[in-house]
Structure formats: structure tokens, C-alpha cells
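One structure is given here, and the rest of the page talks about it.
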Amino acid sequence: MTIEQKIPERPVISCEFDSDDADLILLSRNPPTEFHVHRVILAAASPFFRDMFTLPQGPEVDAASCSKLSKPVVPVTESRDVLATLLRFVYPTPDPEIHLLEEIPPVLDAAIKYDLSGAISTLRHLLTSPHHLQHSPIQVYAIASRFELDEDAQAASAHTLGYSLLDGPLCEDLKYISAWQYHRLLDLHRTRSKHAQEIIDADNCPVEVKCMQCNSSMYTSHGQPKWYYQWERDAKLELAARPISDTIFSIEFLGKAVKKAGCARCNESIIQCWPWLMEMKKKIDELPRTI
């Protein structure tokens, strides 16, 4: 990128970056807008601009052919809104408010392009905020992967475990990541689901659970009581979609299994083996959680 010496004909839309002592104009697209900025601020914030300003410049332009104060002009590819947001991160003013995840990628893309480390750091914190990780972890993972933010992608991958990758709504940000990056996430879910299902498999249980009715001599039932087999089936289906332990060990989930099993005394069996259930939960929680 080089500093142009003449401003092309264009409509100029007023904006807050219009200081008289500015010595450079950044010209945005969509719509074309002049941002009167200070080289010293841009150079301090960005090695990209610092190196650009060290390049030899052409002769000074005639004031009649230029905007106010005959400032050099640098056309940029960013839109007006993206550039305005980015510059507010750079200038010593309050950071702009960004609430939607969709607003982060274009600004982050520009911040990386211009090597604005301070803006990149702030945007990464916004991307991995507790709210976004809790409510939109797959989208956070896609954005982090797109910009090769490995630590952020790892953090997001752990939060995706509570969501079904295949049954949820399509995330538009997945268009911008590679098949390898998406496969890593699928492999995390698949592997964790497989090992979690093995942990709760009735054939692998080291403890034999008993129910006073299911396992009494009158009913001559062998193995685990009815509620366990019902819970095992339901839990494996849940783990196949969302390989986390919180749902399947909840009282509500266990209660539904007892109701489906149809045994009046299986509730007592669950209470008796609660420490063992919590041990299984702990084993699942200890499985790898990130890509």
C-alpha cells in the first residue's frame, strides 16, 4: 500500500475523525468516507503503518486538488463502519461497544491485517467472553479457527460439547474454516462420546447395583436393575449428541429412566448407588475436553 497524492473524486461523508491537526486521510469504502487521522498514533499502534510511513513519499500536492490541509490520502478496503470501529480501538477513547458475534470478524480481520496488537487482544477477549462461549460456542470456534487463534479455538471447543454439532442450526461462520479444522471438532465429540459410553456400559460396571424388587428372588432378575438398563440406553443416545455428564446424571434424567422402567422400588436403588454414579460422572468429566 502506498500513499496517494491526489484524492479521487468521491462523495465525502462527515464522521467524527475530522480533526484539523490530522496529517493523513484514510478513505474507506461502502460508503467512501474520509477519516482524518494522525500518523503518530497509527505508527505507535501498528508496525504496518510505521513501516509504511518510512517509505519515500512523492512531492507535496497542490492544495487546490486536495482535501483540507492538503493531507495525503490512503484508500483502504474496509467499510466505513468497520474502519470507524477499528480506529476507536486505536485512539485513546473508550472502546466501541460490540455486542453481536457477527460484528467481530470484519473488525478482527482488519486489526490483523494492519497488525494492531492492542485491538486484536481486545477483540479476542470479546470473542471468548463467557456469554458468547456459553450461547454460541460453535460460532466462536469457527471465528477463532478462521483467524488461526488456536488458544481461543481450544477454549471454544470445550464449550461445544454441550451442543449437538449435527442437529443444531447451520453456522454461517463455518464457511470460512477448513475441513481439517471442522474435522478436529467432530473428532473431539466422537472420541469423547465413545469413551463416555464405555464408562456407563452395564457390562463394564465393576459394581453390581441391586433393586429390592428387580433383583429379588421372586423376580429372579440378574445383572443390573431395570432402571439402569433404561438409563444406559437413554444416556448413550444423549452422549452421542452431547458428550457431557451434566444431563445424564441429573435427577430429572434419572427419574425419567425410573419411570420408563416401571419398577416401583428402583428409586431406592438410585439413592443407594449415588456415590458410584458420581464416580462415573467424575470419570467422564476427566476425559479430554478440547481439540
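Convention: chains lettered A, B, ... in C-alpha cells order; per-chain residue numbering from 1; ligands numbered from 1 as shown.
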Nearby residues (only C-alpha atoms) at most 10 Å from Thr160 in chain A, same-chain spacing under 2 positions excluded, as a PDB file with C-alpha atoms, in the first residue's frame:
ATOM      1  CA  LEU A 133     -18.836 -19.186  24.883  1.00  0.00           C
ATOM      2  CA  GLN A 134     -21.997 -20.252  26.663  1.00  0.00           C
ATOM      3  CA  HIS A 135     -24.544 -19.365  23.992  1.00  0.00           C
ATOM      4  CA  SER A 136     -22.617 -19.600  20.686  1.00  0.00           C
ATOM      5  CA  PRO A 137     -19.536 -21.816  21.193  1.00  0.00           C
ATOM      6  CA  ILE A 138     -19.629 -23.335  17.703  1.00  0.00           C
ATOM      7  CA  GLN A 139     -19.652 -19.876  16.136  1.00  0.00           C
ATOM      8  CA  VAL A 140     -16.812 -18.767  18.427  1.00  0.00           C
ATOM      9  CA  TYR A 141     -14.846 -21.864  17.431  1.00  0.00           C
ATOM     10  CA  ALA A 155     -11.437 -22.797  24.710  1.00  0.00           C
ATOM     11  CA  ALA A 156     -14.470 -22.743  22.435  1.00  0.00           C
ATOM     12  CA  SER A 157     -14.174 -26.441  21.559  1.00  0.00           C
ATOM     13  CA  ALA A 158     -14.727 -27.400  25.204  1.00  0.00           C
ATOM     14  CA  GLY A 162     -22.909 -29.271  25.287  1.00  0.00           C
ATOM     15  CA  TYR A 163     -24.288 -28.811  21.767  1.00  0.00           C
ATOM     16  CA  SER A 164     -25.089 -31.258  19.005  1.00  0.00           C
ATOM     17  CA  LEU A 165     -22.875 -30.439  16.029  1.00  0.00           C
ATOM     18  CA  LEU A 185     -14.084 -30.667  16.343  1.00  0.00           C
ATOM     19  CA  LEU A 188     -13.323 -34.451  19.726  1.00  0.00           C
ATOM     20  CA  HIS A 189     -17.067 -35.079  20.028  1.00  0.00           C
ATOM     21  CA  ARG A 242     -23.693 -34.067  23.578  1.00  0.00           C
ATOM     22  CA  PRO A 243     -20.778 -35.856  25.291  1.00  0.00           C
ATOM     23  CA  ILE A 244     -21.007 -34.174  28.693  1.00  0.00           C
ATOM     24  CA  ARG A 289     -12.363 -31.685  26.594  1.00  0.00           C
ATOM     25  CA  THR A 290     -10.550 -29.721  23.902  1.00  0.00           C
TER      26      THR A 290
END
Among range 113-201 of chain A, which ones does DSSP place in helix (DSSP H, G or I), written as a PDB file with N, CA and C atoms, in the first residue's frame?
ATOM      1  N   LYS A 113      -4.837  -7.524   9.738  1.00  0.00           N
ATOM      2  CA  LYS A 113      -4.241  -7.009   8.504  1.00  0.00           C
ATOM      3  C   LYS A 113      -3.272  -5.869   8.788  1.00  0.00           C
ATOM      4  N   SER A 117      -1.977  -4.874  17.489  1.00  0.00           N
ATOM      5  CA  SER A 117      -1.965  -5.876  18.554  1.00  0.00           C
ATOM      6  C   SER A 117      -2.944  -5.539  19.677  1.00  0.00           C
ATOM      7  N   GLY A 118      -3.051  -4.252  20.028  1.00  0.00           N
ATOM      8  CA  GLY A 118      -3.970  -3.883  21.101  1.00  0.00           C
ATOM      9  C   GLY A 118      -5.406  -4.180  20.742  1.00  0.00           C
ATOM     10  N   ALA A 119      -5.802  -3.837  19.512  1.00  0.00           N
ATOM     11  CA  ALA A 119      -7.169  -4.110  19.060  1.00  0.00           C
ATOM     12  C   ALA A 119      -7.411  -5.607  18.964  1.00  0.00           C
ATOM     13  N   ILE A 120      -6.414  -6.363  18.488  1.00  0.00           N
ATOM     14  CA  ILE A 120      -6.558  -7.812  18.377  1.00  0.00           C
ATOM     15  C   ILE A 120      -6.806  -8.427  19.746  1.00  0.00           C
ATOM     16  N   SER A 121      -6.042  -7.995  20.746  1.00  0.00           N
ATOM     17  CA  SER A 121      -6.201  -8.533  22.102  1.00  0.00           C
ATOM     18  C   SER A 121      -7.595  -8.249  22.641  1.00  0.00           C
ATOM     19  N   THR A 122      -8.068  -7.032  22.456  1.00  0.00           N
ATOM     20  CA  THR A 122      -9.405  -6.669  22.952  1.00  0.00           C
ATOM     21  C   THR A 122     -10.485  -7.463  22.246  1.00  0.00           C
ATOM     22  N   LEU A 123     -10.356  -7.611  20.937  1.00  0.00           N
ATOM     23  CA  LEU A 123     -11.351  -8.353  20.165  1.00  0.00           C
ATOM     24  C   LEU A 123     -11.358  -9.830  20.538  1.00  0.00           C
ATOM     25  N   ARG A 124     -10.202 -10.379  20.864  1.00  0.00           N
ATOM     26  CA  ARG A 124     -10.145 -11.777  21.297  1.00  0.00           C
ATOM     27  C   ARG A 124     -10.863 -11.966  22.629  1.00  0.00           C
ATOM     28  N   HIS A 125     -10.711 -11.009  23.526  1.00  0.00           N
ATOM     29  CA  HIS A 125     -11.429 -11.086  24.801  1.00  0.00           C
ATOM     30  C   HIS A 125     -12.930 -10.997  24.580  1.00  0.00           C
ATOM     31  N   LEU A 126     -13.351 -10.148  23.656  1.00  0.00           N
ATOM     32  CA  LEU A 126     -14.771 -10.052  23.338  1.00  0.00           C
ATOM     33  C   LEU A 126     -15.274 -11.361  22.734  1.00  0.00           C
ATOM     34  N   LEU A 127     -14.476 -11.948  21.842  1.00  0.00           N
ATOM     35  CA  LEU A 127     -14.876 -13.186  21.179  1.00  0.00           C
ATOM     36  C   LEU A 127     -15.090 -14.314  22.174  1.00  0.00           C
ATOM     37  N   PRO A 130     -17.612 -14.951  28.399  1.00  0.00           N
ATOM     38  CA  PRO A 130     -18.449 -16.039  28.913  1.00  0.00           C
ATOM     39  C   PRO A 130     -19.798 -16.143  28.211  1.00  0.00           C
ATOM     40  N   HIS A 131     -20.374 -14.998  27.859  1.00  0.00           N
ATOM     41  CA  HIS A 131     -21.690 -15.019  27.198  1.00  0.00           C
ATOM     42  C   HIS A 131     -21.604 -15.729  25.847  1.00  0.00           C
ATOM     43  N   HIS A 132     -20.624 -15.361  25.024  1.00  0.00           N
ATOM     44  CA  HIS A 132     -20.500 -15.969  23.699  1.00  0.00           C
ATOM     45  C   HIS A 132     -20.118 -17.436  23.795  1.00  0.00           C
ATOM     46  N   LEU A 133     -19.234 -17.787  24.738  1.00  0.00           N
ATOM     47  CA  LEU A 133     -18.836 -19.186  24.883  1.00  0.00           C
ATOM     48  C   LEU A 133     -20.006 -20.048  25.343  1.00  0.00           C
ATOM     49  N   GLN A 134     -20.868 -19.484  26.150  1.00  0.00           N
ATOM     50  CA  GLN A 134     -21.997 -20.252  26.663  1.00  0.00           C
ATOM     51  C   GLN A 134     -23.102 -20.412  25.622  1.00  0.00           C
ATOM     52  N   HIS A 135     -23.392 -19.347  24.891  1.00  0.00           N
ATOM     53  CA  HIS A 135     -24.544 -19.365  23.992  1.00  0.00           C
ATOM     54  C   HIS A 135     -24.203 -19.658  22.532  1.00  0.00           C
ATOM     55  N   PRO A 137     -20.909 -21.295  21.225  1.00  0.00           N
ATOM     56  CA  PRO A 137     -19.536 -21.816  21.193  1.00  0.00           C
ATOM     57  C   PRO A 137     -19.096 -22.299  19.821  1.00  0.00           C
ATOM     58  N   ILE A 138     -20.008 -22.850  19.031  1.00  0.00           N
ATOM     59  CA  ILE A 138     -19.629 -23.335  17.703  1.00  0.00           C
ATOM     60  C   ILE A 138     -19.244 -22.161  16.810  1.00  0.00           C
ATOM     61  N   GLN A 139     -19.981 -21.065  16.916  1.00  0.00           N
ATOM     62  CA  GLN A 139     -19.652 -19.876  16.136  1.00  0.00           C
ATOM     63  C   GLN A 139     -18.323 -19.279  16.596  1.00  0.00           C
ATOM     64  N   VAL A 140     -18.089 -19.260  17.906  1.00  0.00           N
ATOM     65  CA  VAL A 140     -16.812 -18.767  18.427  1.00  0.00           C
ATOM     66  C   VAL A 140     -15.666 -19.639  17.916  1.00  0.00           C
ATOM     67  N   TYR A 141     -15.879 -20.956  17.937  1.00  0.00           N
ATOM     68  CA  TYR A 141     -14.846 -21.864  17.431  1.00  0.00           C
ATOM     69  C   TYR A 141     -14.542 -21.581  15.967  1.00  0.00           C
ATOM     70  N   ALA A 142     -15.585 -21.367  15.173  1.00  0.00           N
ATOM     71  CA  ALA A 142     -15.394 -21.121  13.740  1.00  0.00           C
ATOM     72  C   ALA A 142     -14.620 -19.828  13.507  1.00  0.00           C
ATOM     73  N   ILE A 143     -14.964 -18.782  14.237  1.00  0.00           N
ATOM     74  CA  ILE A 143     -14.277 -17.499  14.071  1.00  0.00           C
ATOM     75  C   ILE A 143     -12.820 -17.614  14.505  1.00  0.00           C
ATOM     76  N   ALA A 144     -12.597 -18.248  15.658  1.00  0.00           N
ATOM     77  CA  ALA A 144     -11.221 -18.407  16.148  1.00  0.00           C
ATOM     78  C   ALA A 144     -10.385 -19.249  15.182  1.00  0.00           C
ATOM     79  N   SER A 145     -10.977 -20.299  14.633  1.00  0.00           N
ATOM     80  CA  SER A 145     -10.253 -21.153  13.693  1.00  0.00           C
ATOM     81  C   SER A 145      -9.957 -20.407  12.401  1.00  0.00           C
ATOM     82  N   ARG A 146     -10.906 -19.611  11.959  1.00  0.00           N
ATOM     83  CA  ARG A 146     -10.715 -18.847  10.719  1.00  0.00           C
ATOM     84  C   ARG A 146      -9.487 -17.949  10.803  1.00  0.00           C
ATOM     85  N   ASP A 150      -5.471 -20.268  17.952  1.00  0.00           N
ATOM     86  CA  ASP A 150      -5.540 -21.638  18.453  1.00  0.00           C
ATOM     87  C   ASP A 150      -6.027 -21.722  19.897  1.00  0.00           C
ATOM     88  N   GLU A 151      -5.550 -20.849  20.761  1.00  0.00           N
ATOM     89  CA  GLU A 151      -5.972 -20.901  22.169  1.00  0.00           C
ATOM     90  C   GLU A 151      -7.467 -20.628  22.291  1.00  0.00           C
ATOM     91  N   ASP A 152      -7.959 -19.684  21.526  1.00  0.00           N
ATOM     92  CA  ASP A 152      -9.383 -19.360  21.579  1.00  0.00           C
ATOM     93  C   ASP A 152     -10.217 -20.495  20.988  1.00  0.00           C
ATOM     94  N   ALA A 153      -9.708 -21.132  19.944  1.00  0.00           N
ATOM     95  CA  ALA A 153     -10.414 -22.265  19.354  1.00  0.00           C
ATOM     96  C   ALA A 153     -10.491 -23.423  20.348  1.00  0.00           C
ATOM     97  N   GLN A 154      -9.411 -23.644  21.093  1.00  0.00           N
ATOM     98  CA  GLN A 154      -9.424 -24.701  22.105  1.00  0.00           C
ATOM     99  C   GLN A 154     -10.453 -24.407  23.191  1.00  0.00           C
ATOM    100  N   ALA A 155     -10.474 -23.166  23.667  1.00  0.00           N
ATOM    101  CA  ALA A 155     -11.437 -22.797  24.710  1.00  0.00           C
ATOM    102  C   ALA A 155     -12.863 -22.992  24.223  1.00  0.00           C
ATOM    103  N   ALA A 156     -13.120 -22.615  22.987  1.00  0.00           N
ATOM    104  CA  ALA A 156     -14.470 -22.743  22.435  1.00  0.00           C
ATOM    105  C   ALA A 156     -14.844 -24.205  22.224  1.00  0.00           C
ATOM    106  N   SER A 157     -13.873 -25.030  21.835  1.00  0.00           N
ATOM    107  CA  SER A 157     -14.174 -26.441  21.559  1.00  0.00           C
ATOM    108  C   SER A 157     -14.723 -27.141  22.794  1.00  0.00           C
ATOM    109  N   ALA A 158     -14.223 -26.784  23.970  1.00  0.00           N
ATOM    110  CA  ALA A 158     -14.727 -27.400  25.204  1.00  0.00           C
ATOM    111  C   ALA A 158     -16.194 -27.045  25.431  1.00  0.00           C
ATOM    112  N   HIS A 159     -16.569 -25.830  25.090  1.00  0.00           N
ATOM    113  CA  HIS A 159     -17.956 -25.399  25.295  1.00  0.00           C
ATOM    114  C   HIS A 159     -18.909 -25.973  24.253  1.00  0.00           C
ATOM    115  N   THR A 160     -18.377 -26.419  23.108  1.00  0.00           N
ATOM    116  CA  THR A 160     -19.256 -27.012  22.097  1.00  0.00           C
ATOM    117  C   THR A 160     -19.769 -28.376  22.511  1.00  0.00           C
ATOM    118  N   LEU A 161     -19.155 -28.993  23.511  1.00  0.00           N
ATOM    119  CA  LEU A 161     -19.547 -30.346  23.910  1.00  0.00           C
ATOM    120  C   LEU A 161     -20.992 -30.407  24.380  1.00  0.00           C
ATOM    121  N   GLY A 162     -21.522 -29.299  24.832  1.00  0.00           N
ATOM    122  CA  GLY A 162     -22.909 -29.271  25.287  1.00  0.00           C
ATOM    123  C   GLY A 162     -23.901 -29.061  24.165  1.00  0.00           C
ATOM    124  N   GLU A 172     -23.077 -19.888   9.857  1.00  0.00           N
ATOM    125  CA  GLU A 172     -22.521 -19.292   8.649  1.00  0.00           C
ATOM    126  C   GLU A 172     -20.993 -19.168   8.708  1.00  0.00           C
ATOM    127  N   ASP A 173     -20.445 -18.967   9.894  1.00  0.00           N
ATOM    128  CA  ASP A 173     -19.002 -18.784  10.027  1.00  0.00           C
ATOM    129  C   ASP A 173     -18.212 -20.043   9.696  1.00  0.00           C
ATOM    130  N   LEU A 174     -18.890 -21.198   9.668  1.00  0.00           N
ATOM    131  CA  LEU A 174     -18.204 -22.435   9.304  1.00  0.00           C
ATOM    132  C   LEU A 174     -17.767 -22.426   7.844  1.00  0.00           C
ATOM    133  N   LYS A 175     -18.337 -21.530   7.035  1.00  0.00           N
ATOM    134  CA  LYS A 175     -17.946 -21.436   5.629  1.00  0.00           C
ATOM    135  C   LYS A 175     -16.487 -21.028   5.466  1.00  0.00           C
ATOM    136  N   TYR A 176     -15.939 -20.377   6.489  1.00  0.00           N
ATOM    137  CA  TYR A 176     -14.612 -19.785   6.363  1.00  0.00           C
ATOM    138  C   TYR A 176     -13.496 -20.624   6.984  1.00  0.00           C
ATOM    139  N   ALA A 179     -11.825 -27.970   6.145  1.00  0.00           N
ATOM    140  CA  ALA A 179     -12.394 -29.262   6.533  1.00  0.00           C
ATOM    141  C   ALA A 179     -11.610 -29.867   7.692  1.00  0.00           C
ATOM    142  N   TRP A 180     -10.292 -29.657   7.701  1.00  0.00           N
ATOM    143  CA  TRP A 180      -9.454 -30.178   8.777  1.00  0.00           C
ATOM    144  C   TRP A 180      -9.843 -29.565  10.119  1.00  0.00           C
ATOM    145  N   GLN A 181     -10.080 -28.270  10.141  1.00  0.00           N
ATOM    146  CA  GLN A 181     -10.457 -27.605  11.387  1.00  0.00           C
ATOM    147  C   GLN A 181     -11.808 -28.107  11.897  1.00  0.00           C
ATOM    148  N   TYR A 182     -12.754 -28.315  10.991  1.00  0.00           N
ATOM    149  CA  TYR A 182     -14.061 -28.833  11.400  1.00  0.00           C
ATOM    150  C   TYR A 182     -13.959 -30.295  11.823  1.00  0.00           C
ATOM    151  N   HIS A 183     -13.117 -31.047  11.124  1.00  0.00           N
ATOM    152  CA  HIS A 183     -12.954 -32.466  11.471  1.00  0.00           C
ATOM    153  C   HIS A 183     -12.362 -32.624  12.864  1.00  0.00           C
ATOM    154  N   ARG A 184     -11.480 -31.721  13.250  1.00  0.00           N
ATOM    155  CA  ARG A 184     -10.912 -31.781  14.603  1.00  0.00           C
ATOM    156  C   ARG A 184     -12.017 -31.685  15.654  1.00  0.00           C
ATOM    157  N   LEU A 185     -12.979 -30.828  15.398  1.00  0.00           N
ATOM    158  CA  LEU A 185     -14.084 -30.667  16.343  1.00  0.00           C
ATOM    159  C   LEU A 185     -14.979 -31.903  16.346  1.00  0.00           C
ATOM    160  N   LEU A 186     -15.267 -32.424  15.172  1.00  0.00           N
ATOM    161  CA  LEU A 186     -16.065 -33.650  15.085  1.00  0.00           C
ATOM    162  C   LEU A 186     -15.360 -34.805  15.791  1.00  0.00           C
ATOM    163  N   ASP A 187     -14.054 -34.896  15.617  1.00  0.00           N
ATOM    164  CA  ASP A 187     -13.296 -35.986  16.230  1.00  0.00           C
ATOM    165  C   ASP A 187     -13.303 -35.874  17.751  1.00  0.00           C
ATOM    166  N   LEU A 188     -13.235 -34.653  18.277  1.00  0.00           N
ATOM    167  CA  LEU A 188     -13.323 -34.451  19.726  1.00  0.00           C
ATOM    168  C   LEU A 188     -14.645 -34.991  20.249  1.00  0.00           C
ATOM    169  N   HIS A 189     -15.749 -34.617  19.596  1.00  0.00           N
ATOM    170  CA  HIS A 189     -17.067 -35.079  20.028  1.00  0.00           C
ATOM    171  C   HIS A 189     -17.183 -36.595  19.909  1.00  0.00           C
ATOM    172  N   ARG A 190     -16.750 -37.136  18.787  1.00  0.00           N
ATOM    173  CA  ARG A 190     -16.880 -38.573  18.552  1.00  0.00           C
ATOM    174  C   ARG A 190     -16.061 -39.378  19.563  1.00  0.00           C
ATOM    175  N   THR A 191     -14.818 -38.998  19.764  1.00  0.00           N
ATOM    176  CA  THR A 191     -13.941 -39.744  20.672  1.00  0.00           C
ATOM    177  C   THR A 191     -14.422 -39.661  22.112  1.00  0.00           C
ATOM    178  N   ARG A 192     -14.791 -38.458  22.538  1.00  0.00           N
ATOM    179  CA  ARG A 192     -15.268 -38.303  23.912  1.00  0.00           C
ATOM    180  C   ARG A 192     -16.577 -39.067  24.118  1.00  0.00           C
ATOM    181  N   SER A 193     -17.458 -39.025  23.130  1.00  0.00           N
ATOM    182  CA  SER A 193     -18.721 -39.759  23.226  1.00  0.00           C
ATOM    183  C   SER A 193     -18.471 -41.260  23.348  1.00  0.00           C
ATOM    184  N   LYS A 194     -17.555 -41.786  22.558  1.00  0.00           N
ATOM    185  CA  LYS A 194     -17.247 -43.224  22.581  1.00  0.00           C
ATOM    186  C   LYS A 194     -16.755 -43.659  23.954  1.00  0.00           C
ATOM    187  N   HIS A 195     -15.808 -42.899  24.519  1.00  0.00           N
ATOM    188  CA  HIS A 195     -15.256 -43.281  25.818  1.00  0.00           C
ATOM    189  C   HIS A 195     -16.272 -43.084  26.942  1.00  0.00           C
ATOM    190  N   ALA A 196     -17.096 -42.061  26.836  1.00  0.00           N
ATOM    191  CA  ALA A 196     -18.118 -41.833  27.867  1.00  0.00           C
ATOM    192  C   ALA A 196     -19.141 -42.962  27.869  1.00  0.00           C
ATOM    193  N   GLN A 197     -19.520 -43.430  26.691  1.00  0.00           N
ATOM    194  CA  GLN A 197     -20.481 -44.528  26.615  1.00  0.00           C
ATOM    195  C   GLN A 197     -19.882 -45.818  27.169  1.00  0.00           C
ATOM    196  N   GLU A 198     -18.598 -46.011  26.967  1.00  0.00           N
ATOM    197  CA  GLU A 198     -17.939 -47.193  27.529  1.00  0.00           C
ATOM    198  C   GLU A 198     -17.948 -47.165  29.054  1.00  0.00           C
ATOM    199  N   ILE A 199     -17.823 -45.977  29.632  1.00  0.00           N
ATOM    200  CA  ILE A 199     -17.783 -45.849  31.092  1.00  0.00           C
ATOM    201  C   ILE A 199     -19.103 -46.280  31.721  1.00  0.00           C
ATOM    202  N   ILE A 200     -20.226 -45.958  31.069  1.00  0.00           N
ATOM    203  CA  ILE A 200     -21.536 -46.272  31.677  1.00  0.00           C
ATOM    204  C   ILE A 200     -22.095 -47.607  31.203  1.00  0.00           C
TER     205      ILE A 200
END
Would you mind listing what lies within 12 Å of Leu277 in chain A as a PyMOL selection string, with only C-alpha atoms counted and same-chain residues fewer than 6 positions away left out?
chain A and resi 199-200+205-209+228+231-232+245-246+248-251+254+269-271+283-284
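Here the question is which of A:Lys281, A:Lys226, A:Lys71, A:Arg233 gets nearest to Arg265 in chain A using only C-alpha atoms, and that residue is A:Lys226.
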Pairwise distance for CA of Tyr114 in chain A and CA of Ala44 in chain A, rounded to one decimal in Å
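Between these atoms lies a distance of 12.0 Å.
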Please identify all polymer residues within 12 Å of Ala111 in chain A, counting only C-alpha atoms, omitting same-chain residues fewer than 4 positions from it, and present them as a ChimeraX atom specification.
/A:42,45-49,78,82-90,104-107,115-124,147
Give me the residues within 10 Å of Ser19 in chain A as a PyMOL selection string, counting only C-alpha atoms and dropping any in the same chain fewer than 3 places off.
chain A and resi 16+22-23+35-38
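When DSSP is run on the backbone, the residues of range 32-274 of chain A that fall into strand (DSSP E) are A:Thr33, A:Glu34, A:Phe35, A:His36, A:Val37, A:Val73, A:Val74, A:Pro75, A:Val76, A:Thr77, A:Glu78, A:Ser79.
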Write a file of the just-selected residues containing C-alpha atoms, as an mmCIF file, in the first residue's frame.
data_model
loop_
_atom_site.group_PDB
_atom_site.id
_atom_site.type_symbol
_atom_site.label_atom_id
_atom_site.label_comp_id
_atom_site.auth_asym_id
_atom_site.auth_seq_id
_atom_site.Cartn_x
_atom_site.Cartn_y
_atom_site.Cartn_z
ATOM 1 C CA THR A 33 -15.686 8.276 3.900
ATOM 2 C CA GLU A 34 -12.741 10.414 4.955
ATOM 3 C CA PHE A 35 -11.119 9.610 8.280
ATOM 4 C CA HIS A 36 -8.699 12.392 9.217
ATOM 5 C CA VAL A 37 -6.156 10.648 11.422
ATOM 6 C CA VAL A 73 -4.852 10.010 1.222
ATOM 7 C CA VAL A 74 -4.695 6.251 1.740
ATOM 8 C CA PRO A 75 -7.663 4.352 0.273
ATOM 9 C CA VAL A 76 -8.439 1.213 2.282
ATOM 10 C CA THR A 77 -10.696 -1.748 1.553
ATOM 11 C CA GLU A 78 -12.610 -1.623 4.850
ATOM 12 C CA SER A 79 -16.131 -0.250 5.054
#
